[in-house]
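Source file run29.tsv; content: TSV, C-alpha atoms.
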```tsv
chain	number	residue	atom	x	y	z
A	180	MET	CA	21.61	98.03	-74.23
A	181	SER	CA	23.32	98.07	-70.87
A	182	ARG	CA	24.75	95.02	-69.14
A	183	ASP	CA	26.00	94.37	-65.68
A	184	GLY	CA	29.75	94.20	-65.56
A	185	LEU	CA	30.30	95.32	-69.14
A	186	THR	CA	31.83	98.65	-70.08
A	187	ARG	CA	30.77	100.70	-73.05
A	188	MET	CA	33.49	101.36	-75.61
A	189	THR	CA	33.69	102.75	-79.12
A	190	LYS	CA	34.44	100.33	-81.93
A	191	ILE	CA	36.03	101.76	-85.05
A	192	GLU	CA	36.27	99.52	-88.09
A	193	VAL	CA	38.58	100.76	-90.82
A	194	VAL	CA	38.87	99.45	-94.37
A	195	VAL	CA	42.08	100.54	-96.11
A	196	ARG	CA	44.52	99.15	-98.63
A	197	GLY	CA	46.69	96.53	-96.97
A	198	SER	CA	49.71	98.74	-97.60
A	199	ASP	CA	48.14	101.47	-95.46
A	200	THR	CA	47.76	99.22	-92.40
A	201	PRO	CA	50.99	100.52	-90.79
A	202	SER	CA	49.71	104.10	-91.07
A	203	VAL	CA	46.50	103.14	-89.31
A	204	SER	CA	48.46	101.22	-86.71
A	205	ASN	CA	50.68	104.21	-85.97
A	206	LEU	CA	47.65	106.46	-85.73
A	207	LEU	CA	45.96	104.10	-83.25
A	208	THR	CA	49.05	103.75	-81.13
A	209	GLY	CA	49.58	107.51	-81.13
A	210	ALA	CA	46.01	108.01	-79.91
A	211	GLY	CA	46.60	105.66	-77.00
A	212	VAL	CA	44.71	102.67	-78.40
A	213	SER	CA	46.29	99.63	-76.87
A	214	GLY	CA	45.49	97.06	-79.49
A	215	TYR	CA	43.51	96.12	-82.50
A	216	THR	CA	42.53	93.20	-84.66
A	217	SER	CA	43.31	93.09	-88.37
A	218	LEU	CA	41.64	90.88	-90.95
A	219	SER	CA	43.12	90.00	-94.28
A	220	GLY	CA	41.28	88.31	-97.15
A	221	VAL	CA	39.18	91.42	-97.60
A	222	SER	CA	37.88	92.69	-100.93
A	223	GLY	CA	36.18	95.96	-101.63
A	224	PHE	CA	33.73	96.37	-104.43
A	225	GLY	CA	32.08	99.39	-105.92
A	226	HIS	CA	32.14	102.34	-103.56
A	227	HIS	CA	31.33	104.70	-106.36
A	228	GLY	CA	32.33	107.52	-104.10
A	229	PHE	CA	35.31	109.15	-105.68
A	230	HIS	CA	38.35	110.35	-103.87
A	231	GLN	CA	40.13	113.19	-105.58
A	232	GLY	CA	38.74	112.00	-108.89
A	233	ARG	CA	39.55	108.32	-108.52
A	234	LEU	CA	37.60	105.33	-107.29
A	235	LEU	CA	37.83	104.72	-103.56
A	236	PHE	CA	39.14	101.23	-104.19
A	237	ASN	CA	39.89	99.23	-107.28
A	238	GLU	CA	38.44	95.76	-107.33
A	239	THR	CA	41.96	94.39	-107.44
A	240	ASP	CA	43.15	96.19	-104.32
A	241	THR	CA	44.10	93.98	-101.41
A	242	LEU	CA	42.37	95.45	-98.42
A	243	ALA	CA	42.50	95.07	-94.67
A	244	LEU	CA	39.70	95.40	-92.15
A	245	ILE	CA	41.06	96.75	-88.89
A	246	ILE	CA	38.86	96.56	-85.79
A	247	ALA	CA	39.88	98.78	-82.89
A	248	VAL	CA	37.98	99.11	-79.62
A	249	MET	CA	38.75	102.01	-77.31
A	250	PRO	CA	37.32	104.15	-74.53
A	251	GLU	CA	34.95	106.85	-75.83
A	252	GLU	CA	37.43	109.53	-74.84
A	253	ASN	CA	40.09	108.17	-77.19
A	254	ALA	CA	37.73	107.88	-80.14
A	255	ASP	CA	37.71	111.55	-81.12
A	256	ALA	CA	41.45	111.58	-81.69
A	257	VAL	CA	41.28	108.39	-83.77
A	258	ILE	CA	38.40	109.72	-85.86
A	259	ALA	CA	40.22	113.00	-86.45
A	260	GLY	CA	43.40	111.15	-87.37
A	261	LEU	CA	41.59	108.89	-89.81
A	262	ARG	CA	39.91	111.90	-91.45
A	263	THR	CA	43.35	113.38	-92.03
A	264	LEU	CA	44.74	110.07	-93.27
A	265	PHE	CA	41.83	109.75	-95.69
A	266	GLU	CA	42.71	113.08	-97.24
A	267	ASP	CA	45.34	111.33	-99.30
A	268	ARG	CA	44.60	107.61	-98.82
A	269	SER	CA	41.49	105.68	-99.73
A	270	GLY	CA	39.54	104.29	-96.84
A	271	VAL	CA	36.32	104.14	-94.93
A	272	MET	CA	35.57	103.96	-91.22
A	273	PHE	CA	32.52	102.65	-89.39
A	274	VAL	CA	32.04	103.91	-85.83
A	275	SER	CA	29.69	102.13	-83.44
A	276	GLY	CA	29.23	101.33	-79.79
A	277	THR	CA	30.10	98.03	-78.16
A	278	TYR	CA	30.59	96.61	-74.68
A	279	VAL	CA	33.61	94.77	-73.31
A	280	SER	CA	34.20	92.74	-70.18
A	281	ARG	CA	37.72	93.83	-69.38
A	282	PRO	CA	38.08	97.55	-69.97
A	283	ASP	CA	41.64	97.59	-68.65
A	284	TYR	CA	42.69	95.73	-71.80
A	285	PHE	CA	41.66	98.68	-73.91
A	286	GLN	CA	43.20	101.53	-71.92
B	54	MET	CA	25.72	107.48	-79.52
B	55	SER	CA	25.89	110.63	-81.58
B	56	ARG	CA	29.09	112.23	-82.79
B	57	ASP	CA	29.86	115.56	-84.36
B	58	GLY	CA	30.55	115.27	-88.03
B	59	LEU	CA	29.54	111.62	-88.31
B	60	THR	CA	26.45	110.45	-90.15
B	61	ARG	CA	24.29	107.56	-89.04
B	62	MET	CA	24.00	104.71	-91.51
B	63	THR	CA	22.66	101.17	-91.49
B	64	LYS	CA	25.19	98.34	-91.59
B	65	ILE	CA	24.00	95.04	-92.98
B	66	GLU	CA	26.27	92.03	-92.58
B	67	VAL	CA	25.37	89.03	-94.70
B	68	VAL	CA	26.71	85.49	-94.41
B	69	VAL	CA	26.07	83.39	-97.52
B	70	ARG	CA	27.78	80.65	-99.44
B	71	GLY	CA	30.67	82.09	-101.41
B	72	SER	CA	28.89	81.09	-104.60
B	73	ASP	CA	25.96	83.34	-103.67
B	74	THR	CA	28.12	86.46	-103.35
B	75	PRO	CA	27.26	87.68	-106.88
B	76	SER	CA	23.54	87.46	-106.07
B	77	VAL	CA	24.06	89.60	-102.98
B	78	SER	CA	26.21	92.01	-104.96
B	79	ASN	CA	23.53	92.42	-107.63
B	80	LEU	CA	20.91	92.95	-104.97
B	81	LEU	CA	23.00	95.66	-103.28
B	82	THR	CA	23.75	97.45	-106.52
B	83	GLY	CA	20.10	97.29	-107.53
B	84	ALA	CA	19.12	98.89	-104.22
B	85	GLY	CA	21.51	101.77	-104.83
B	86	VAL	CA	24.22	100.66	-102.42
B	87	SER	CA	27.46	102.08	-103.75
B	88	GLY	CA	29.91	99.60	-102.31
B	89	TYR	CA	30.59	96.85	-99.90
B	90	THR	CA	33.36	94.86	-98.30
B	91	SER	CA	33.59	91.09	-98.63
B	92	LEU	CA	35.56	88.76	-96.40
B	93	SER	CA	36.64	85.30	-97.35
B	94	GLY	CA	38.07	82.68	-95.00
B	95	VAL	CA	34.71	82.40	-93.27
B	96	SER	CA	33.31	79.22	-91.78
B	97	GLY	CA	29.84	78.64	-90.46
B	98	PHE	CA	29.12	76.12	-87.79
B	99	GLY	CA	25.95	74.78	-86.37
B	100	HIS	CA	23.02	77.04	-87.11
B	101	HIS	CA	20.60	74.31	-86.29
B	102	GLY	CA	17.91	76.38	-87.87
B	103	PHE	CA	16.64	74.43	-90.79
B	104	HIS	CA	15.82	75.89	-94.14
B	105	GLN	CA	13.25	73.93	-96.07
B	106	GLY	CA	14.30	70.83	-94.21
B	107	ARG	CA	18.05	71.19	-94.59
B	108	LEU	CA	20.75	72.69	-92.42
B	109	LEU	CA	21.38	76.35	-93.03
B	110	PHE	CA	25.04	75.66	-93.77
B	111	ASN	CA	27.12	72.56	-93.86
B	112	GLU	CA	30.36	72.73	-91.96
B	113	THR	CA	32.20	72.25	-95.24
B	114	ASP	CA	30.57	75.19	-97.02
B	115	THR	CA	32.87	78.01	-98.00
B	116	LEU	CA	31.16	81.16	-96.84
B	117	ALA	CA	31.54	84.87	-97.36
B	118	LEU	CA	30.82	87.70	-94.95
B	119	ILE	CA	29.65	90.76	-96.83
B	120	ILE	CA	29.52	94.09	-95.00
B	121	ALA	CA	27.46	96.81	-96.62
B	122	VAL	CA	26.85	100.26	-95.18
B	123	MET	CA	24.08	102.41	-96.57
B	124	PRO	CA	21.75	105.29	-95.77
B	125	GLU	CA	18.77	104.21	-93.65
B	126	GLU	CA	16.43	104.87	-96.57
B	127	ASN	CA	18.15	102.25	-98.73
B	128	ALA	CA	18.14	99.59	-96.04
B	129	ASP	CA	14.51	98.53	-96.38
B	130	ALA	CA	14.99	97.56	-100.01
B	131	VAL	CA	18.13	95.58	-99.17
B	132	ILE	CA	16.45	93.80	-96.27
B	133	ALA	CA	13.43	92.94	-98.44
B	134	GLY	CA	15.70	91.70	-101.23
B	135	LEU	CA	17.70	89.53	-98.86
B	136	ARG	CA	14.51	88.03	-97.42
B	137	THR	CA	13.49	87.04	-100.94
B	138	LEU	CA	16.97	85.71	-101.72
B	139	PHE	CA	16.92	83.66	-98.53
B	140	GLU	CA	13.72	81.94	-99.66
B	141	ASP	CA	15.84	79.62	-101.77
B	142	ARG	CA	19.42	80.29	-100.59
B	143	SER	CA	20.91	79.75	-97.17
B	144	GLY	CA	22.01	82.86	-95.42
B	145	VAL	CA	21.71	85.13	-92.45
B	146	MET	CA	21.79	88.91	-92.12
B	147	PHE	CA	22.64	91.09	-89.15
B	148	VAL	CA	21.31	94.66	-89.26
B	149	SER	CA	22.75	97.34	-86.98
B	150	GLY	CA	23.47	101.04	-86.83
B	151	THR	CA	26.85	102.62	-87.44
B	152	TYR	CA	28.32	106.06	-88.13
B	153	VAL	CA	30.54	107.10	-91.02
B	154	SER	CA	32.61	110.18	-91.69
B	155	ARG	CA	32.02	110.58	-95.39
B	156	PRO	CA	28.36	109.87	-96.15
B	157	ASP	CA	28.81	110.77	-99.83
B	158	TYR	CA	30.80	107.56	-100.25
B	159	PHE	CA	27.73	105.54	-99.38
B	160	GLN	CA	25.12	107.30	-101.48
C	10	MET	CA	16.89	101.56	-84.23
C	11	SER	CA	13.81	99.44	-84.61
C	12	ARG	CA	12.68	97.83	-87.83
C	13	ASP	CA	9.50	96.13	-88.86
C	14	GLY	CA	9.90	92.40	-89.07
C	15	LEU	CA	13.38	92.33	-87.54
C	16	THR	CA	14.11	90.87	-84.13
C	17	ARG	CA	16.66	92.28	-81.74
C	18	MET	CA	19.48	89.92	-80.80
C	19	THR	CA	22.80	90.16	-79.02
C	20	LYS	CA	25.94	89.83	-81.11
C	21	ILE	CA	29.07	88.63	-79.35
C	22	GLU	CA	32.35	88.86	-81.22
C	23	VAL	CA	35.20	86.90	-79.69
C	24	VAL	CA	38.88	87.10	-80.56
C	25	VAL	CA	40.90	84.14	-79.30
C	26	ARG	CA	43.86	82.10	-80.39
C	27	GLY	CA	42.83	79.77	-83.20
C	28	SER	CA	43.59	76.83	-80.93
C	29	ASP	CA	40.96	78.05	-78.47
C	30	THR	CA	38.16	78.05	-81.05
C	31	PRO	CA	36.86	74.62	-79.95
C	32	SER	CA	36.56	75.84	-76.36
C	33	VAL	CA	34.50	78.82	-77.51
C	34	SER	CA	32.42	76.56	-79.72
C	35	ASN	CA	31.66	74.21	-76.84
C	36	LEU	CA	30.76	77.13	-74.62
C	37	LEU	CA	28.36	78.53	-77.25
C	38	THR	CA	26.71	75.19	-77.84
C	39	GLY	CA	26.37	74.61	-74.12
C	40	ALA	CA	24.63	77.97	-73.75
C	41	GLY	CA	22.12	77.03	-76.42
C	42	VAL	CA	23.58	79.14	-79.22
C	43	SER	CA	22.63	77.42	-82.43
C	44	GLY	CA	25.39	78.62	-84.69
C	45	TYR	CA	28.20	81.00	-85.27
C	46	THR	CA	30.52	82.31	-87.92
C	47	SER	CA	34.28	82.03	-87.60
C	48	LEU	CA	36.86	84.07	-89.49
C	49	SER	CA	40.45	83.05	-89.97
C	50	GLY	CA	43.21	85.29	-91.31
C	51	VAL	CA	43.02	87.39	-88.18
C	52	SER	CA	45.98	89.11	-86.53
C	53	GLY	CA	46.06	90.82	-83.20
C	54	PHE	CA	48.47	93.60	-82.45
C	55	GLY	CA	49.38	95.39	-79.30
C	56	HIS	CA	46.72	94.97	-76.65
C	57	HIS	CA	49.08	96.11	-73.98
C	58	GLY	CA	46.66	94.79	-71.45
C	59	PHE	CA	48.43	92.02	-69.62
C	60	HIS	CA	46.95	88.74	-68.62
C	61	GLN	CA	48.57	87.21	-65.59
C	62	GLY	CA	51.77	89.01	-66.44
C	63	ARG	CA	51.92	88.21	-70.14
C	64	LEU	CA	50.79	90.02	-73.25
C	65	LEU	CA	47.23	89.27	-74.27
C	66	PHE	CA	48.39	88.13	-77.68
C	67	ASN	CA	51.76	87.87	-79.31
C	68	GLU	CA	52.02	89.37	-82.74
C	69	THR	CA	52.75	85.91	-84.10
C	70	ASP	CA	49.63	84.26	-82.68
C	71	THR	CA	47.14	83.00	-85.23
C	72	LEU	CA	43.80	84.28	-84.09
C	73	ALA	CA	40.17	83.63	-84.90
C	74	LEU	CA	37.27	86.07	-84.86
C	75	ILE	CA	34.09	84.26	-83.89
C	76	ILE	CA	30.76	86.04	-84.42
C	77	ALA	CA	27.79	84.59	-82.55
C	78	VAL	CA	24.28	86.04	-82.59
C	79	MET	CA	21.78	84.92	-79.98
C	80	PRO	CA	18.61	85.95	-78.15
C	81	GLU	CA	19.28	88.40	-75.33
C	82	GLU	CA	18.32	85.76	-72.78
C	83	ASN	CA	21.16	83.47	-73.88
C	84	ALA	CA	23.79	86.20	-73.83
C	85	ASP	CA	24.33	86.29	-70.08
C	86	ALA	CA	25.38	82.64	-70.00
C	87	VAL	CA	27.76	83.15	-72.92
C	88	ILE	CA	29.29	86.26	-71.36
C	89	ALA	CA	29.73	84.47	-68.02
C	90	GLY	CA	31.27	81.47	-69.78
C	91	LEU	CA	33.70	83.63	-71.72
C	92	ARG	CA	34.74	85.45	-68.54
C	93	THR	CA	35.59	82.09	-67.02
C	94	LEU	CA	37.39	80.95	-70.18
C	95	PHE	CA	39.42	84.16	-70.22
C	96	GLU	CA	40.68	83.44	-66.71
C	97	ASP	CA	43.26	81.15	-68.25
C	98	ARG	CA	43.10	81.89	-71.98
C	99	SER	CA	43.82	85.13	-73.78
C	100	GLY	CA	40.86	86.70	-75.50
C	101	VAL	CA	38.56	89.64	-75.85
C	102	MET	CA	34.85	89.89	-76.44
C	103	PHE	CA	32.78	92.70	-77.92
C	104	VAL	CA	29.06	92.68	-77.08
C	105	SER	CA	26.60	94.73	-79.12
C	106	GLY	CA	23.03	94.70	-80.34
C	107	THR	CA	21.91	93.68	-83.80
C	108	TYR	CA	18.72	92.75	-85.62
C	109	VAL	CA	18.00	89.61	-87.60
C	110	SER	CA	15.23	88.66	-89.99
C	111	ARG	CA	14.76	85.04	-89.00
C	112	PRO	CA	14.98	84.70	-85.23
C	113	ASP	CA	14.14	80.98	-85.35
C	114	TYR	CA	17.62	80.40	-86.84
C	115	PHE	CA	19.20	81.66	-83.66
C	116	GLN	CA	17.12	79.82	-81.06
```
Would you give me this structure, written as C-alpha cells?
Amino acid sequence: MSRDGLTRMTKIEVVVRGSDTPSVSNLLTGAGVSGYTSLSGVSGFGHHGFHQGRLLFNETDTLALIIAVMPEENADAVIAGLRTLFEDRSGVMFVSGTYVSRPDYFQ
Amino acid sequence: MSRDGLTRMTKIEVVVRGSDTPSVSNLLTGAGVSGYTSLSGVSGFGHHGFHQGRLLFNETDTLALIIAVMPEENADAVIAGLRTLFEDRSGVMFVSGTYVSRPDYFQ
Amino acid sequence: MSRDGLTRMTKIEVVVRGSDTPSVSNLLTGAGVSGYTSLSGVSGFGHHGFHQGRLLFNETDTLALIIAVMPEENADAVIAGLRTLFEDRSGVMFVSGTYVSRPDYFQ
C-alpha cells in the first residue's frame, strides 16, 4: 500500500507487565521515539512459550499494550533494546508497517 | 518489510461480545495458538452489516478485542474456525501480517 | 499477504482525546464507514510533536483509540477528513492494510 501524502513508519506493539511500562518508556525515549500510546485493561492468556523456565505471563498478571510508531531508522534501536529487556522481563513485541499523515509528530 | 532476526507471523484481531471470549479462546487453543492478548473496555458502534437480520453489535454490548499472533500455517485453521463461530455469533476479524522477535513463543 | 476468501481493506487507527470521539464518529459515518471499534483506558505519552505551539497530548488527557476498517475507496475521504479535524484538534492516525472475512459488514 502506498498513499499520497502519507509517510511509512514502523509500528511496534509491546505487551509487558504493567510494572514494566516505565522500562519500555525509557527505552523508547532513549531511542528517540517521541511518543507512544499505552492501553490498560489488557490480559494475556496462554503463551506456552517459557522464559527461563517460567510462563511468559501468568493469567493474573496485569498487562499493558504499548503502541509506538517511529521512523524506520529508529526501529532497529527499539527492537534491539526490547530484545535486551526481554532477557530478564516477560514480553512480546509485534513489528509491522503503518502510514501516518504527520511524520513530524513521530520524529 | 523484512527485518533481520524477525520472523513473519499472522496477526488476527477479533472483536466479539465479551461473553464469547471463551469460545474464541477454545478455538485458538484448538488450532495450536499458544497465547493471545485480550483487551476489555471496548465498544462497538454502528456496523450496519446485519447478521441474520440483526445488527452485528448493539451499542450497549460489552465487547472484547482479542489479538492473537501465530505462524502463517496455523492461521487458516483459526480463520476457518472463526468463520464457523460467526455463523451464530456476532463478530469481526482483521487479518494482517506482523513480525516477532521470538517465534518460539508463538508455536 | 493474500488469502483465499479474505478481502483487503484499509484499517485506520485514530488516537484522539475522548471528548473528540463524537467528531471522529461523525466523520466516519459521513464517509460511509459502517462501524468502528473504540477502546477506552488509553494514555498518550510524550509525542513531542507540537500542534500550534502546544503538546499533542498532555499526560493527563483521557484518550480513545478508534479502530475503523473500510474499503480502500472510502479511506481517502476518511484520511482527508481526519487531516481537517486535526487542524484544530490533537490526534494521530495510523493507516495500514488488513483483510476481513465478511466485506459486506464494512460497506
I'd like the neighbourhood of Glu192 (chain A) as a count of residues only, where a residue qualifies if any of its atoms comes within 6 Å (using only C-alpha atoms), though same-chain residues fewer than 4 positions away should be ignored. 4
Counting all atoms listed in the file, chain A residues within 8 Å of chain C, as a PyMOL selection string: chain A and resi 180+213-220+276-281+283-286
Could you jot down the CA of Pro156 (chain B) to CA of Asp267 (chain A) separation for me, Å, one decimal place?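 CA of Asp267 (chain A) lies 17.3 Å from CA of Pro156 (chain B).
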CA of Val87 (chain C) to CA of Ala40 (chain C), distance in Å rounded to a single decimal: 6.1 Å
Rounded to one decimal place, report the CA of Ser143 (chain B)-CA of Arg70 (chain B) distance in Å.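 Spanning CA of Ser143 (chain B) to CA of Arg70 (chain B) is a straight-line distance of 7.3 Å.
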